[in-house]
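One file, model.cif, is given below (mmCIF, C-alpha atoms).
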data_structure
loop_
_atom_site.label_atom_id
_atom_site.label_comp_id
_atom_site.auth_asym_id
_atom_site.auth_seq_id
_atom_site.Cartn_x
_atom_site.Cartn_y
_atom_site.Cartn_z
CA MET A 1236 -12.08 5.19 -7.07
CA ARG A 1237 -11.46 1.51 -6.46
CA VAL A 1238 -9.04 0.10 -3.89
CA LEU A 1239 -6.77 -2.94 -3.95
CA ILE A 1240 -5.42 -4.10 -0.58
CA LEU A 1241 -2.51 -6.50 -0.96
CA ALA A 1242 -2.87 -8.95 1.91
CA ALA A 1243 -1.79 -12.34 0.58
CA GLY A 1244 1.84 -12.44 1.74
CA LEU A 1245 3.39 -15.17 3.87
CA GLY A 1246 4.80 -12.79 6.49
CA ALA A 1247 8.01 -14.82 6.78
CA ARG A 1248 9.87 -12.05 8.63
CA LEU A 1249 7.12 -11.91 11.27
CA ARG A 1250 7.53 -15.53 12.31
CA PRO A 1251 6.78 -17.15 14.73
CA ILE A 1252 3.66 -14.92 14.96
CA THR A 1253 2.67 -15.70 11.37
CA ASN A 1254 3.04 -19.44 11.88
CA LYS A 1255 -0.51 -19.33 13.24
CA ILE A 1256 -2.15 -16.28 11.66
CA PRO A 1257 -1.79 -14.43 8.33
CA LYS A 1258 0.25 -11.24 8.37
CA CYS A 1259 -2.74 -9.02 7.58
CA LEU A 1260 -4.48 -10.17 10.79
CA VAL A 1261 -1.51 -9.49 13.06
CA LYS A 1262 -2.69 -6.91 15.59
CA VAL A 1263 -1.22 -3.47 16.10
CA GLY A 1264 -2.91 -1.73 18.96
CA ASN A 1265 -6.19 -3.54 19.42
CA LYS A 1266 -6.94 -4.28 15.75
CA PRO A 1267 -5.55 -6.36 12.89
CA MET A 1268 -3.59 -4.41 10.28
CA LEU A 1269 -6.31 -5.12 7.71
CA GLU A 1270 -8.97 -3.60 9.95
CA HIS A 1271 -6.94 -0.41 10.38
CA TRP A 1272 -6.92 0.08 6.60
CA LEU A 1273 -10.59 -0.78 6.14
CA GLU A 1274 -11.55 1.73 8.83
CA LYS A 1275 -9.35 4.35 7.19
CA LEU A 1276 -11.13 3.76 3.87
CA SER A 1277 -14.51 4.06 5.62
CA ASN A 1278 -13.54 7.48 6.95
CA ILE A 1279 -12.32 9.20 3.79
CA LYS A 1280 -14.57 11.96 2.42
CA ILE A 1281 -15.44 10.07 -0.76
CA PRO A 1282 -15.61 6.36 0.09
CA PRO A 1283 -14.37 3.86 -2.51
CA LYS A 1284 -16.80 2.25 -4.94
CA GLU A 1285 -15.27 -1.17 -4.35
CA VAL A 1286 -12.45 -2.70 -2.31
CA TYR A 1287 -10.55 -5.78 -3.50
CA ILE A 1288 -8.41 -7.87 -1.15
CA ASN A 1289 -6.12 -10.62 -2.39
CA LEU A 1290 -5.85 -13.77 -0.28
CA HIS A 1291 -3.49 -16.73 -0.21
CA TYR A 1292 -1.78 -17.66 3.07
CA LYS A 1293 -4.27 -18.91 5.68
CA LYS A 1294 -7.06 -17.45 3.55
CA LYS A 1295 -9.85 -19.01 5.62
CA GLN A 1296 -8.94 -16.85 8.62
CA VAL A 1297 -9.11 -13.73 6.47
CA GLU A 1298 -12.45 -14.81 4.99
CA ASN A 1299 -13.83 -15.40 8.50
CA PHE A 1300 -12.68 -11.92 9.55
CA LEU A 1301 -14.30 -10.30 6.51
CA GLN A 1302 -17.58 -12.12 7.12
CA THR A 1303 -17.89 -10.37 10.47
CA TYR A 1304 -16.64 -6.96 9.31
CA ASN A 1305 -19.25 -4.37 8.37
CA SER A 1306 -18.19 -1.74 5.86
CA GLY A 1307 -19.95 0.95 3.88
CA PHE A 1308 -18.61 -0.37 0.58
CA PRO A 1309 -18.52 -3.70 -1.27
CA ILE A 1310 -15.53 -5.91 -0.49
CA PHE A 1311 -14.44 -8.54 -3.01
CA LYS A 1312 -11.94 -11.29 -2.30
CA ILE A 1313 -9.33 -12.34 -4.88
CA PHE A 1314 -8.03 -15.81 -4.05
CA GLU A 1315 -4.61 -16.64 -5.45
CA LYS A 1316 -3.84 -20.34 -5.43
CA GLU A 1317 -0.27 -19.39 -6.35
CA LEU A 1318 1.08 -15.97 -5.42
CA ARG A 1319 1.20 -13.73 -8.49
CA GLY A 1320 3.39 -11.01 -7.05
CA THR A 1321 1.99 -7.54 -6.48
CA GLY A 1322 2.31 -6.82 -10.20
CA GLY A 1323 0.33 -9.87 -11.21
CA THR A 1324 -2.53 -9.06 -8.83
CA PHE A 1325 -2.58 -5.43 -10.00
CA LEU A 1326 -2.58 -6.34 -13.70
CA SER A 1327 -5.33 -8.90 -13.25
CA LEU A 1328 -7.57 -6.34 -11.56
CA ILE A 1329 -7.04 -3.47 -14.02
CA ASP A 1330 -7.66 -5.85 -16.90
CA LYS A 1331 -11.15 -6.50 -15.51
CA LYS A 1332 -11.79 -3.06 -13.96
CA PRO A 1333 -10.03 -0.39 -16.07
CA ASP A 1334 -12.50 2.47 -15.87
CA ASP A 1335 -11.56 4.25 -12.65
CA ASP A 1336 -8.66 5.48 -10.53
CA LEU A 1337 -7.11 2.80 -8.33
CA LEU A 1338 -5.62 3.12 -4.85
CA VAL A 1339 -3.23 0.26 -4.04
CA ILE A 1340 -2.31 -0.41 -0.41
CA HIS A 1341 0.21 -2.86 1.00
CA CYS A 1342 -1.57 -4.09 4.11
CA ASP A 1343 1.61 -4.56 6.16
CA ASN A 1344 2.00 -0.84 6.85
CA PHE A 1345 0.61 1.36 9.59
CA TYR A 1346 -0.29 5.02 8.97
CA ASP A 1347 -1.66 7.12 11.81
CA ALA A 1348 -3.52 9.68 9.70
CA SER A 1349 -6.41 10.06 7.29
CA LEU A 1350 -5.88 9.30 3.61
CA ASP A 1351 -7.82 12.40 2.54
CA ASP A 1352 -4.85 14.75 2.17
CA PHE A 1353 -2.86 12.17 0.24
CA LEU A 1354 -5.77 11.54 -2.13
CA VAL A 1355 -6.53 15.23 -2.69
CA LYS A 1356 -2.91 16.17 -3.40
CA SER A 1357 -2.37 13.11 -5.58
CA GLN A 1358 -5.45 13.95 -7.66
CA SER A 1359 -4.30 17.56 -7.98
CA ALA A 1360 -0.82 16.47 -9.13
CA ILE A 1361 -2.41 14.20 -11.74
CA ASP A 1362 -5.01 16.71 -12.97
CA ASP A 1363 -3.01 19.95 -12.78
CA LEU A 1364 0.62 18.88 -13.24
CA ASN A 1365 0.14 15.88 -15.52
CA PHE A 1366 1.61 13.27 -13.16
CA ASP A 1367 0.74 9.67 -14.00
CA LEU A 1368 0.52 8.32 -10.47
CA ALA A 1369 1.40 9.12 -6.88
CA LEU A 1370 2.96 7.33 -3.95
CA LEU A 1371 2.97 7.96 -0.23
CA SER A 1372 6.43 8.28 1.37
CA PHE A 1373 7.79 8.56 4.89
CA ARG A 1374 11.08 9.21 6.66
CA THR A 1375 12.76 5.96 7.62
CA LYS A 1376 15.44 5.04 10.15
CA ASP A 1377 16.00 1.70 8.43
CA LYS A 1378 17.21 2.38 4.88
CA LYS A 1379 18.48 -1.16 4.37
CA ASN A 1380 14.88 -2.44 4.43
CA CYS A 1381 13.27 0.34 2.37
CA GLY A 1382 13.44 1.76 -1.11
CA THR A 1383 14.46 5.42 -0.80
CA MET A 1384 14.20 8.27 -3.25
CA GLU A 1385 15.19 11.77 -4.32
CA VAL A 1386 12.47 14.27 -5.28
CA ASP A 1387 12.44 17.79 -6.73
CA LYS A 1388 10.58 20.82 -5.40
CA ASP A 1389 7.36 19.81 -7.19
CA GLY A 1390 7.37 16.34 -5.65
CA LYS A 1391 8.55 14.59 -8.82
CA ILE A 1392 10.64 11.50 -8.08
CA LEU A 1393 14.06 11.79 -9.68
CA ARG A 1394 15.88 8.70 -8.43
CA PHE A 1395 15.45 5.52 -6.41
CA TRP A 1396 17.82 3.51 -4.23
CA GLU A 1397 16.61 0.00 -3.42
CA LYS A 1398 17.32 -1.03 0.20
CA ILE A 1399 20.78 0.53 0.39
CA GLU A 1400 21.96 1.57 3.86
CA THR A 1401 24.29 4.19 2.37
CA SER A 1402 21.50 5.88 0.41
CA PRO A 1403 21.85 9.69 0.65
CA SER A 1404 18.09 9.97 1.29
CA ASN A 1405 15.88 8.67 4.10
CA LEU A 1406 12.66 9.40 2.21
CA ALA A 1407 11.17 5.93 1.78
CA ASN A 1408 8.51 4.36 -0.42
CA GLY A 1409 5.46 3.67 1.76
CA ALA A 1410 3.92 1.26 -0.78
CA VAL A 1411 0.63 3.15 -1.00
CA TYR A 1412 -0.02 4.10 -4.63
CA PHE A 1413 -2.68 6.15 -6.41
CA PHE A 1414 -2.99 5.29 -10.11
CA SER A 1415 -4.91 7.59 -12.44
CA LYS A 1416 -7.35 5.95 -14.81
CA ARG A 1417 -5.25 7.48 -17.60
CA ILE A 1418 -2.20 5.40 -16.74
CA ILE A 1419 -4.35 2.33 -16.10
CA SER A 1420 -5.71 2.65 -19.64
CA ASN A 1421 -2.17 3.12 -20.97
CA LEU A 1422 -0.84 0.05 -19.15
CA ARG A 1423 -3.68 -2.09 -20.49
CA LYS A 1424 -3.07 -0.95 -24.06
CA LYS A 1425 0.62 -1.81 -23.82
CA ARG A 1426 -0.20 -5.23 -22.34
CA LEU A 1427 2.79 -4.95 -20.01
CA GLN A 1428 3.65 -7.89 -17.78
CA PHE A 1429 5.55 -7.45 -14.52
CA HIS A 1430 5.89 -9.18 -11.18
CA ASP A 1431 6.43 -6.41 -8.64
CA ILE A 1432 4.80 -2.96 -8.62
CA ALA A 1433 7.69 -1.20 -6.87
CA LYS A 1434 10.65 -2.79 -8.65
CA ASP A 1435 9.16 -3.23 -12.11
CA LEU A 1436 6.72 -0.32 -12.49
CA ILE A 1437 7.70 2.43 -10.04
CA GLU A 1438 11.49 2.34 -9.71
CA PRO A 1439 12.43 2.37 -13.41
CA LEU A 1440 10.96 5.92 -13.46
CA ASP A 1441 9.52 5.51 -16.97
CA ARG A 1442 6.56 7.56 -15.79
CA LYS A 1443 6.02 10.87 -14.03
CA ILE A 1444 5.50 9.95 -10.36
CA PHE A 1445 4.38 12.33 -7.62
CA CYS A 1446 5.74 11.80 -4.12
CA TYR A 1447 3.55 12.73 -1.15
CA GLU A 1448 5.45 12.83 2.13
CA ALA A 1449 3.57 11.67 5.24
CA HIS A 1450 4.32 13.73 8.33
CA ASP A 1451 2.28 11.61 10.74
CA TYR A 1452 3.51 8.31 12.10
CA PHE A 1453 4.10 5.69 9.40
CA CYS A 1454 5.79 2.32 9.75
CA ASP A 1455 6.48 -0.53 7.36
CA ILE A 1456 5.65 -3.53 9.55
CA GLY A 1457 7.88 -5.99 7.79
CA THR A 1458 9.87 -7.23 10.77
CA LEU A 1459 9.30 -8.09 14.42
CA ALA A 1460 11.28 -4.97 15.38
CA SER A 1461 9.01 -2.66 13.37
CA LEU A 1462 5.92 -4.46 14.69
CA ASN A 1463 7.08 -3.86 18.26
CA GLU A 1464 7.89 -0.24 17.44
CA THR A 1465 4.35 0.37 16.20
CA ARG A 1466 2.82 -1.41 19.18
CA GLU A 1467 4.91 0.77 21.52
CA TYR A 1468 3.86 3.90 19.60
CA LEU A 1469 0.18 3.03 20.01
CA SER A 1470 0.71 2.03 23.64
CA SER A 1471 2.14 5.51 24.28
CA LYS A 1472 -1.21 6.87 23.06
CA GLY A 1473 -3.13 4.57 25.38
CA ILE A 1474 -4.10 2.11 22.63
CA TYR A 1475 -3.40 -1.50 23.55
#
Show this structure as structure tokens.
Amino acid sequence: MRVLILAAGLGARLRPITNKIPKCLVKVGNKPMLEHWLEKLSNIKIPPKEVYINLHYKKKQVENFLQTYNSGFPIFKIFEKELRGTGGTFLSLIDKKPDDDLLVIHCDNFYDASLDDFLVKSQSAIDDLNFDLALLSFRTKDKKNCGTMEVDKDGKILRFWEKIETSPSNLANGAVYFFSKRIISNLRKKRLQFHDIAKDLIEPLDRKIFCYEAHDYFCDIGTLASLNETREYLSSKGIY
């Protein structure tokens, strides 16, 4: 398995904090968001072969952080002079590295649990039930800032609602995706072009997508309010 961590965003909704530092280095608890994910990847039962991180906004700060971070796996930086969108970064990587499963993580999320259960159940859904890919979901209190979905008893996603406060579901897309090498091969053969993974690849539901629901704390840290919520959550656990 390879991993792509999407960390190039401008973090406009986290200003003024992100006026000085990139969003992926904003701290929750006592660590930057990027470090939380790298540690989580270090602790899974089967560590990734390679981790790719895309950079753009204030890239030098991220490079300096990575120079001092010790991991048990190779980390490769993908510099984007112009932002390609999550779809562009994804397509560029699978075009060069098509021969393995790929875990895609949006760095601006916090998940207070191991990834092992998500990976095991995603792989089982792909191998045993013929799903093409899997995503991690969570229950949200802020439907207007999340894509929400309806799923059946087997975890198959039936419908999406994109950031609609009146959505009948509060099960939200956590923007953590596990792509089988089968679908990666299929996407490369079709030479598809798209800008955004969620809007252009996931939400049209042209593929069979498995939904894994997280029951531990998960927060999309896209706003100052959600950042403060996560900091308060960790503070309640004695992590500052």
Using all atoms listed in the file, find each residue in segment 1353-1389 of chain A having at least one atom no more than 7 Å away from segment 1399-1406 of chain A; report its shortest atom-to-atom pair and that distance in Å (one decimal), rows by chain then rising number, as CSV.
residue,atom,partner,partner_atom,distance
A:Ser1372,CA,A:Leu1406,CA,6.4
A:Phe1373,CA,A:Leu1406,CA,5.6
A:Arg1374,CA,A:Leu1406,CA,4.7
A:Thr1375,CA,A:Asn1405,CA,5.4
A:Lys1378,CA,A:Glu1400,CA,4.9
A:Lys1379,CA,A:Glu1400,CA,4.5
A:Thr1383,CA,A:Leu1406,CA,5.3
A:Met1384,CA,A:Leu1406,CA,5.8
A:Glu1385,CA,A:Ser1404,CA,6.6
Pick from A:Ala1407, A:Leu1354, A:Cys1454, A:Met1236 nearest to Leu1337 of chain A, counting all atoms listed in the file: A:Met1236
Residues returned when the PyMOL selection byres ((chain A and resi 1361) around 12) runs on this file, as a PyMOL selection string: chain A and resi 1336+1354-1360+1362-1370+1390-1391+1413-1418+1442-1446
Store the residues picked out above, limited to C-alpha atoms, as a compact mmCIF listing (two decimals), keeping the file's coordinate frame.
# COMPACT_ATOMS: atom_id res chain seq x y z
CA ASP A 1336 -8.66 5.48 -10.53
CA LEU A 1354 -5.77 11.54 -2.13
CA VAL A 1355 -6.53 15.23 -2.69
CA LYS A 1356 -2.91 16.17 -3.40
CA SER A 1357 -2.37 13.11 -5.58
CA GLN A 1358 -5.45 13.95 -7.66
CA SER A 1359 -4.30 17.56 -7.98
CA ALA A 1360 -0.82 16.47 -9.13
CA ASP A 1362 -5.01 16.71 -12.97
CA ASP A 1363 -3.01 19.95 -12.78
CA LEU A 1364 0.62 18.88 -13.24
CA ASN A 1365 0.14 15.88 -15.52
CA PHE A 1366 1.61 13.27 -13.16
CA ASP A 1367 0.74 9.67 -14.00
CA LEU A 1368 0.52 8.32 -10.47
CA ALA A 1369 1.40 9.12 -6.88
CA LEU A 1370 2.96 7.33 -3.95
CA GLY A 1390 7.37 16.34 -5.65
CA LYS A 1391 8.55 14.59 -8.82
CA PHE A 1413 -2.68 6.15 -6.41
CA PHE A 1414 -2.99 5.29 -10.11
CA SER A 1415 -4.91 7.59 -12.44
CA LYS A 1416 -7.35 5.95 -14.81
CA ARG A 1417 -5.25 7.48 -17.60
CA ILE A 1418 -2.20 5.40 -16.74
CA ARG A 1442 6.56 7.56 -15.79
CA LYS A 1443 6.02 10.87 -14.03
CA ILE A 1444 5.50 9.95 -10.36
CA PHE A 1445 4.38 12.33 -7.62
CA CYS A 1446 5.74 11.80 -4.12
Distance of atom CA of Ala1410 of chain A from atom CA of Asp1377 of chain A, expressed in Å to one decimal place: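 A separation of 15.2 Å between them.
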For Lys1424 of chain A, the nearest of the candidates A:Ile1329, A:Tyr1447, A:Lys1262, A:Thr1303, counting all atoms listed in the file: A:Ile1329
So which residues are close to (-3.5, -9.4, 5.3), meaning at most 6 Å away in the file's coordinates with only C-alpha atoms counted, and can you show them as a compact mmCIF listing (two decimals) with C-alpha atoms, in the frame of the given file?
# COMPACT_ATOMS: atom_id res chain seq x y z
CA ALA A 1242 -2.87 -8.95 1.91
CA ALA A 1243 -1.79 -12.34 0.58
CA LYS A 1258 0.25 -11.24 8.37
CA CYS A 1259 -2.74 -9.02 7.58
CA LEU A 1260 -4.48 -10.17 10.79
CA LEU A 1269 -6.31 -5.12 7.71
CA CYS A 1342 -1.57 -4.09 4.11
Coordinates-based distance that separates atom CA of Asn1463 of chain A from atom CA of Leu1338 of chain A (Å, one decimal):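 These atoms are spaced 27.3 Å apart.
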Explicit residue set for the PyMOL selection byres ((chain A and resi 1350) around 8), as a list in words: Lys1275, Leu1276, Ile1279, Ala1348, Ser1349, Asp1351, Asp1352, Phe1353 and Leu1354 of chain A
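Atom CA of Asp1347 of chain A sits 6.4 Å away from atom CA of Phe1453 of chain A.
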Residues within 6 Å of (-17.6, -5.8, -6.2), file coords, all atoms listed in the file, listed as a short mmCIF file (atom, residue, chain, number, x, y, z; two decimals) with C-alpha atoms, in the coordinates of the input:
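Below is the file result_30.cif, written as the result:
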data_model
loop_
_atom_site.label_atom_id
_atom_site.label_comp_id
_atom_site.auth_asym_id
_atom_site.auth_seq_id
_atom_site.Cartn_x
_atom_site.Cartn_y
_atom_site.Cartn_z
CA GLU A 1285 -15.27 -1.17 -4.35
CA PRO A 1309 -18.52 -3.70 -1.27
CA PHE A 1311 -14.44 -8.54 -3.01
#
Contact residues around Ile1256 of chain A with all atoms listed in the file at 10 Å, ignoring same-chain residues under 4 positions, as a ChimeraX atom specification: /A:1245-1246,1250-1252,1260-1261,1292-1294,1296-1297
Who sits within 9 Å of Gly1320 of chain A, only C-alpha atoms, same chain under 4 positions skipped, as a ChimeraX atom specification: /A:1324-1325,1429-1432
Could you rebuild segment 1261-1275 of chain A with N, CA and C atoms and give it back as a PDB file, in the coordinates of the input?
ATOM      1  N   VAL A1261      -2.350  -9.782  11.896  1.00  0.00           N
ATOM      2  CA  VAL A1261      -1.510  -9.490  13.060  1.00  0.00           C
ATOM      3  C   VAL A1261      -1.986  -8.155  13.647  1.00  0.00           C
ATOM      4  N   LYS A1262      -2.141  -8.114  14.960  1.00  0.00           N
ATOM      5  CA  LYS A1262      -2.690  -6.910  15.590  1.00  0.00           C
ATOM      6  C   LYS A1262      -1.622  -5.867  15.899  1.00  0.00           C
ATOM      7  N   VAL A1263      -1.976  -4.628  15.620  1.00  0.00           N
ATOM      8  CA  VAL A1263      -1.220  -3.470  16.100  1.00  0.00           C
ATOM      9  C   VAL A1263      -2.224  -2.618  16.858  1.00  0.00           C
ATOM     10  N   GLY A1264      -1.882  -2.291  18.102  1.00  0.00           N
ATOM     11  CA  GLY A1264      -2.910  -1.730  18.960  1.00  0.00           C
ATOM     12  C   GLY A1264      -3.908  -2.847  19.233  1.00  0.00           C
ATOM     13  N   ASN A1265      -5.158  -2.540  19.112  1.00  0.00           N
ATOM     14  CA  ASN A1265      -6.190  -3.540  19.420  1.00  0.00           C
ATOM     15  C   ASN A1265      -6.887  -4.083  18.182  1.00  0.00           C
ATOM     16  N   LYS A1266      -6.284  -3.854  16.991  1.00  0.00           N
ATOM     17  CA  LYS A1266      -6.940  -4.280  15.750  1.00  0.00           C
ATOM     18  C   LYS A1266      -5.944  -4.901  14.787  1.00  0.00           C
ATOM     19  N   PRO A1267      -6.410  -5.833  13.957  1.00  0.00           N
ATOM     20  CA  PRO A1267      -5.550  -6.360  12.890  1.00  0.00           C
ATOM     21  C   PRO A1267      -5.172  -5.248  11.906  1.00  0.00           C
ATOM     22  N   MET A1268      -4.035  -5.408  11.252  1.00  0.00           N
ATOM     23  CA  MET A1268      -3.590  -4.410  10.280  1.00  0.00           C
ATOM     24  C   MET A1268      -4.639  -4.182   9.194  1.00  0.00           C
ATOM     25  N   LEU A1269      -5.284  -5.261   8.740  1.00  0.00           N
ATOM     26  CA  LEU A1269      -6.310  -5.120   7.710  1.00  0.00           C
ATOM     27  C   LEU A1269      -7.467  -4.262   8.184  1.00  0.00           C
ATOM     28  N   GLU A1270      -7.862  -4.414   9.431  1.00  0.00           N
ATOM     29  CA  GLU A1270      -8.970  -3.600   9.950  1.00  0.00           C
ATOM     30  C   GLU A1270      -8.608  -2.130  10.021  1.00  0.00           C
ATOM     31  N   HIS A1271      -7.363  -1.821  10.378  1.00  0.00           N
ATOM     32  CA  HIS A1271      -6.940  -0.410  10.380  1.00  0.00           C
ATOM     33  C   HIS A1271      -7.163   0.219   9.012  1.00  0.00           C
ATOM     34  N   TRP A1272      -6.779  -0.491   7.947  1.00  0.00           N
ATOM     35  CA  TRP A1272      -6.920   0.080   6.600  1.00  0.00           C
ATOM     36  C   TRP A1272      -8.383   0.164   6.184  1.00  0.00           C
ATOM     37  N   LEU A1273      -9.172  -0.833   6.498  1.00  0.00           N
ATOM     38  CA  LEU A1273     -10.590  -0.780   6.140  1.00  0.00           C
ATOM     39  C   LEU A1273     -11.301   0.366   6.853  1.00  0.00           C
ATOM     40  N   GLU A1274     -10.960   0.594   8.106  1.00  0.00           N
ATOM     41  CA  GLU A1274     -11.550   1.730   8.830  1.00  0.00           C
ATOM     42  C   GLU A1274     -11.110   3.049   8.203  1.00  0.00           C
ATOM     43  N   LYS A1275      -9.852   3.124   7.803  1.00  0.00           N
ATOM     44  CA  LYS A1275      -9.350   4.350   7.190  1.00  0.00           C
ATOM     45  C   LYS A1275     -10.105   4.635   5.885  1.00  0.00           C
TER      46      LYS A1275
END
